[in-house]
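Structure, as structure tokens:
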Amino acid sequence: MKRAVETIAALLMIVLAGRVAGAQTAPAPVAESAPAPAPPKPATSPHSRYWVVGGAGFGAARTGCPDCGEEGVSSNGRSLLVDFGFRATPRLDFGLEVAYGSSKLVDNDDDPILTTFVMGVVQVRPWDTRGFFFKTGMGTGVVGNLYVPNGPVLDGPITTNTLALVYGAGWVFRREERFALQVHGTHHIAALGEVTIDANTSRKNVLNNYWNVMVGIVFR
Amino acid sequence: MRVLRLLALVLLLPVRASAQDAAPPATSLTPATTKLFDAVSLSRAIASLPAVRFDEPHSQVGSQTALDMQGRACAGCPRRNLAWPLFDVLWVNVMYNGINHMRGHDTAKVTPPSWWNNMKSGFEWDINDWGTNQIGHPYQGSNYFTGARANGLGFYESAAVAAFGSATWEFYFENNLASFNDLINTTLGGIALGEVLHRAAWMVRAPMSEGRKKRELIASIIDPIGGLTRMVNGDGKRVADKPPTMTPSSVRYTMAAGAMWQGDSFKDVNDRALPFVDLALYYGTTREARSTVPYGSFDAVFSLGAGVTQTGIRGRLFGTPFGGRYQFNVLQTFDFIMNPAYDYGGQGVDLEVGMTRQIFSDTTLWMAGAGGVTMLGAVNTLATPPDGSAAPPRPYDYGPGFRWSGFIQMSRHTQPYFTIAYQGYHVAVVDGTRSNHVLQRLYLDARVPVRYSLSIGVAGEYFFRKAYFWPPLTNRTDESPQLRAYIVWSSK
């Protein structure tokens, strides 16, 4: 009997001790006392900080001004683009963009209006693990062979410098690879200012808009 | 008897288990003592207790939990959220559209056809008044920007949100064609003004102090969208240290008030004195140290007066010392200047090289030269067109250009007492009458300490504008001297 009591007491001791010890050593609720974790390390690319994008696509353009017709002058065309720059942070790129657009009016056999943009650009990736990005930039543009098809006849095609701005968004597929594919849409704006039509006529505040959808190869 | 001993052991076990699970001491323990209340045991027991002061607000810093810290760069930093800034953009746009509705603006009546029309037409220039375009839109842009900052986005990410907010406003919340000048003014002006307001609000906030609620309220007046965001997401009640990047290395501010006299030329000075008030904030110092924190230091000057005003922000985006005593800075600039010779407003970027020299034991000399570009500047059109034609529908023109400046300042114990500054702006008009405007300002200022932090000062300024027009229009020159006498209070 005495031995049985001792055995029961020993078992009780083991059970209680285990329960108590379990309670003591169980991990505390994370929300209460776990120390703050170190911020996660951003995904880093094994490749160079520098990148180059070359691409081509299609676009539409519209020229407008306060004195122009409400519809403005619209055209379809092709575009080329070369971007290069460096990755400042995992979410931020700085670079230079050279974009070229050839805008040809529908139902018109004249030569296309040619525009070249040279701009500083900033690309931001809200998620450093995903391919989505948006970008914006400013710089200058050169509009060549400019004419006004449905307006007064120009003395001759005009080449003029412009204030230029771009913004857009896109997605990079296989973003961690050395070669990646990029799809993006952009809106380029070129402020031409005052365009002289002839000796007595001018159009003030002329502004060109270019919408492009492009596919590019990213190399880094 | 043996049973009783075992039961006593069971009852005592939790205590022993607890003692065993305690965190290991940082220092080596002294040999175990068999006494329960001896000096060593007591000191060891007390040492592990945190020093709690019930007369001070509690700190959460030591007990930030994993869940609580998720998405935060630091204990006092806002939680990073990408969706809320976009929602902020939406409701801010709805709010301003509603305000325009109440003001009876036809442009506020937006419909899906107006959206489509705007989207297919793209951007054009608008003809809004000077104040709306040069101050109103930057302020609106600052709302988008500070909303993003309060949701944990970085400076450049918030800049993108400001651009997004500006573009969506132009396309979908006004029924007139999207305005190119508004897109730039709202975005760039919003970034400059927004970061200044964001940091100014953080200067006021003291989340660890007893008066934090009152301070949070004042900060919300400075940065309403940021304050509202913090109120909604609970950060306003959060007790934690300020984000480290929101504490400047130094802060100095000045308030000046006095009278000024202006003229159309040196020979034609108006004898009527005009009152003015100047407020200046020097957040950190742009004159030293390496920094990659945008607006980790900036200068902001707000000058108000009778028909004359000058507001300028120079925020450092990047800075580094070089060559021992030289400093290189990249600065974002925001200018709003009105004087009899010219009105100018614009956003730009300056590259600055400066140097500090100790010329006397307590006097330093700062010399700097800067040059850069103005992304978009506005300059008032001449009131009477040179060719006598009708005045344009909007009395100012837009264009990009260059900017350049020189600065020499002598300071005693960080308080400037003699300053010579020169600033030039160029605007190549692309919206308005084709022309090039060259705007210049020469500024001399001398101050004498009077008592405590008060000084009296005099300043002479000379504003000069030359406008170059394409033929058949002729060039034009405008000038205006200005003399100011004032009393100024400076913080130490």
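Chain labels A, B, ... are given in the sequence in which chains occur in the structure tokens; within each chain residues are numbered consecutively from 1, and ligands are likewise numbered from 1 in the order shown.
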
| field | Neighbour list for stretch 56-69 of chain A as an MDAnalysis selection string, cut-off 9 Å, only C-alpha atoms, skip fewer than 5 positions in-chain | value | (chainID A and resid 74:82 101:104 151 203:216) or (chainID B and resid 120:125)

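Residues in contact with A:Gly193 at up to 10 Å, not including ones fewer than 5 positions away on its chain and judged by only C-alpha atoms, are Cys65, Thr160, Asn161, Thr162, Leu163, Arg203, Lys204, Asn205, Val206 and Leu207 of chain A; Tyr398, Gly399, Ala428, Val429, Val430, Asp431, Gly432, Thr433, Arg434 and Ser435 of chain B.
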
For the residues in the current selection, export C-alpha atoms as a PDB file, in the first residue's frame.
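Here's the written file again.pdb:
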ATOM      1  CA  CYS A  65      -3.591  73.867 -79.363  1.00  0.00           C
ATOM      2  CA  THR A 160      11.634  72.492 -83.432  1.00  0.00           C
ATOM      3  CA  ASN A 161      12.788  71.722 -79.913  1.00  0.00           C
ATOM      4  CA  THR A 162      10.269  70.969 -77.237  1.00  0.00           C
ATOM      5  CA  LEU A 163       9.848  70.572 -73.536  1.00  0.00           C
ATOM      6  CA  ARG A 203      -0.131  78.732 -83.725  1.00  0.00           C
ATOM      7  CA  LYS A 204       0.569  79.291 -80.027  1.00  0.00           C
ATOM      8  CA  ASN A 205       0.835  76.754 -77.252  1.00  0.00           C
ATOM      9  CA  VAL A 206       1.056  73.716 -79.504  1.00  0.00           C
ATOM     10  CA  LEU A 207       1.259  70.455 -77.583  1.00  0.00           C
TER      11      LEU A 207
ATOM     12  CA  TYR B 398       5.251  78.991 -69.119  1.00  0.00           C
ATOM     13  CA  GLY B 399       8.490  77.412 -70.131  1.00  0.00           C
ATOM     14  CA  ALA B 428      12.164  79.887 -72.616  1.00  0.00           C
ATOM     15  CA  VAL B 429       8.462  80.340 -73.219  1.00  0.00           C
ATOM     16  CA  VAL B 430       6.652  77.371 -74.771  1.00  0.00           C
ATOM     17  CA  ASP B 431       3.210  78.457 -73.641  1.00  0.00           C
ATOM     18  CA  GLY B 432       2.556  82.067 -74.471  1.00  0.00           C
ATOM     19  CA  THR B 433       4.258  84.611 -76.654  1.00  0.00           C
ATOM     20  CA  ARG B 434       7.471  83.072 -77.963  1.00  0.00           C
ATOM     21  CA  SER B 435      10.221  84.729 -75.964  1.00  0.00           C
TER      22      SER B 435
END

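Restricting the calculation to only C-alpha atoms, the smallest distance between chain A and any of B:Asn175, B:Ser158, B:Thr286, B:Asn133 is found for B:Ser158.
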
| B:Ile337, B:Gly323, B:Gly406, B:Ala240 ranked by distance to B:Asp350, top pick (using only C-alpha atoms) | B:Gly406

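Excluding A:Met119 and any residue on its chain fewer than 4 positions from it, the residues at most 10 Å away by only C-alpha atoms are A:Asp83, A:Gly95, A:Leu96, A:Glu97, A:Val98, A:Ala99, A:Thr136, A:Gly137, A:Met138, A:Gly139, A:Thr140, A:Gly141, A:Leu163, A:Ala164, A:Leu165, A:Val166.
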
Take the residues that were just selected and, keeping C-alpha atoms, output them as a PDB file, in the first residue's frame.
ATOM      1  CA  ASP A  83      16.631  53.282 -71.876  1.00  0.00           C
ATOM      2  CA  GLY A  95      18.231  56.531 -66.143  1.00  0.00           C
ATOM      3  CA  LEU A  96      18.168  58.213 -69.486  1.00  0.00           C
ATOM      4  CA  GLU A  97      15.611  57.540 -72.169  1.00  0.00           C
ATOM      5  CA  VAL A  98      15.947  58.071 -75.884  1.00  0.00           C
ATOM      6  CA  ALA A  99      12.629  57.490 -77.625  1.00  0.00           C
ATOM      7  CA  THR A 136       8.246  59.319 -65.160  1.00  0.00           C
ATOM      8  CA  GLY A 137      10.751  61.662 -66.680  1.00  0.00           C
ATOM      9  CA  MET A 138      11.413  65.041 -68.203  1.00  0.00           C
ATOM     10  CA  GLY A 139      13.724  66.352 -70.837  1.00  0.00           C
ATOM     11  CA  THR A 140      13.667  67.665 -74.326  1.00  0.00           C
ATOM     12  CA  GLY A 141      12.333  66.542 -77.649  1.00  0.00           C
ATOM     13  CA  LEU A 163       9.848  70.572 -73.536  1.00  0.00           C
ATOM     14  CA  ALA A 164       9.107  66.878 -73.052  1.00  0.00           C
ATOM     15  CA  LEU A 165       7.620  64.758 -70.309  1.00  0.00           C
ATOM     16  CA  VAL A 166       6.833  61.051 -70.034  1.00  0.00           C
TER      17      VAL A 166
END

So that I can see what lies close to B:Gly211, please list as a tab-separated table (two decimals) with N, CA and C atoms, in the first residue's frame the residues with an atom at most 12 Å from it, counting only C-alpha atoms and leaving out residues fewer than 4 positions away in the same chain.
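Written out: selection.tsv:
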chain	number	residue	atom	x	y	z
B	56	GLU	N	5.66	59.07	-15.85
B	56	GLU	CA	6.04	59.35	-17.23
B	56	GLU	C	5.24	58.44	-18.16
B	57	PRO	N	5.04	58.88	-19.40
B	57	PRO	CA	4.31	58.02	-20.32
B	57	PRO	C	5.09	56.74	-20.59
B	204	VAL	N	6.91	68.84	-34.91
B	204	VAL	CA	5.97	69.17	-33.84
B	204	VAL	C	5.62	67.93	-33.02
B	205	ARG	N	5.45	66.81	-33.70
B	205	ARG	CA	5.03	65.59	-33.00
B	205	ARG	C	6.07	65.15	-31.96
B	206	ALA	N	5.56	64.68	-30.83
B	206	ALA	CA	6.44	64.12	-29.80
B	206	ALA	C	5.71	62.91	-29.22
B	207	PRO	N	5.76	61.79	-29.90
B	207	PRO	CA	4.92	60.64	-29.52
B	207	PRO	C	5.25	60.07	-28.14
B	215	ARG	N	0.11	67.94	-29.58
B	215	ARG	CA	1.11	68.10	-30.64
B	215	ARG	C	0.66	67.40	-31.92
B	216	GLU	N	0.02	66.27	-31.78
B	216	GLU	CA	-0.49	65.55	-32.95
B	216	GLU	C	-1.53	66.40	-33.67
B	217	LEU	N	-2.32	67.11	-32.87
B	217	LEU	CA	-3.36	67.97	-33.45
B	217	LEU	C	-2.72	69.13	-34.22
B	218	ILE	N	-1.71	69.74	-33.63
B	218	ILE	CA	-1.02	70.85	-34.31
B	218	ILE	C	-0.35	70.34	-35.58
B	237	LYS	N	-1.96	57.55	-32.12
B	237	LYS	CA	-1.97	57.19	-30.69
B	237	LYS	C	-0.76	56.36	-30.30
B	239	VAL	N	2.72	55.14	-29.18
B	239	VAL	CA	3.78	55.68	-28.33
B	239	VAL	C	5.09	55.02	-28.73

| task | From the DSSP assignment of the backbone, select every residue of stretch 444-484 of chain B that is strand (DSSP E), and format the answer as number ranges by chain. | result | B: 444-451, 454-469, 476-484

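Proximity ranking of A:Thr129, A:Thr89, A:Thr116, A:Gln182 relative to chain B places A:Thr89 first, based on only C-alpha atoms.
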
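Here the question is which of B:Asp271, B:Asp397, B:Asp241, B:Asp445 gets nearest to chain A using only C-alpha atoms, and that residue is B:Asp397.
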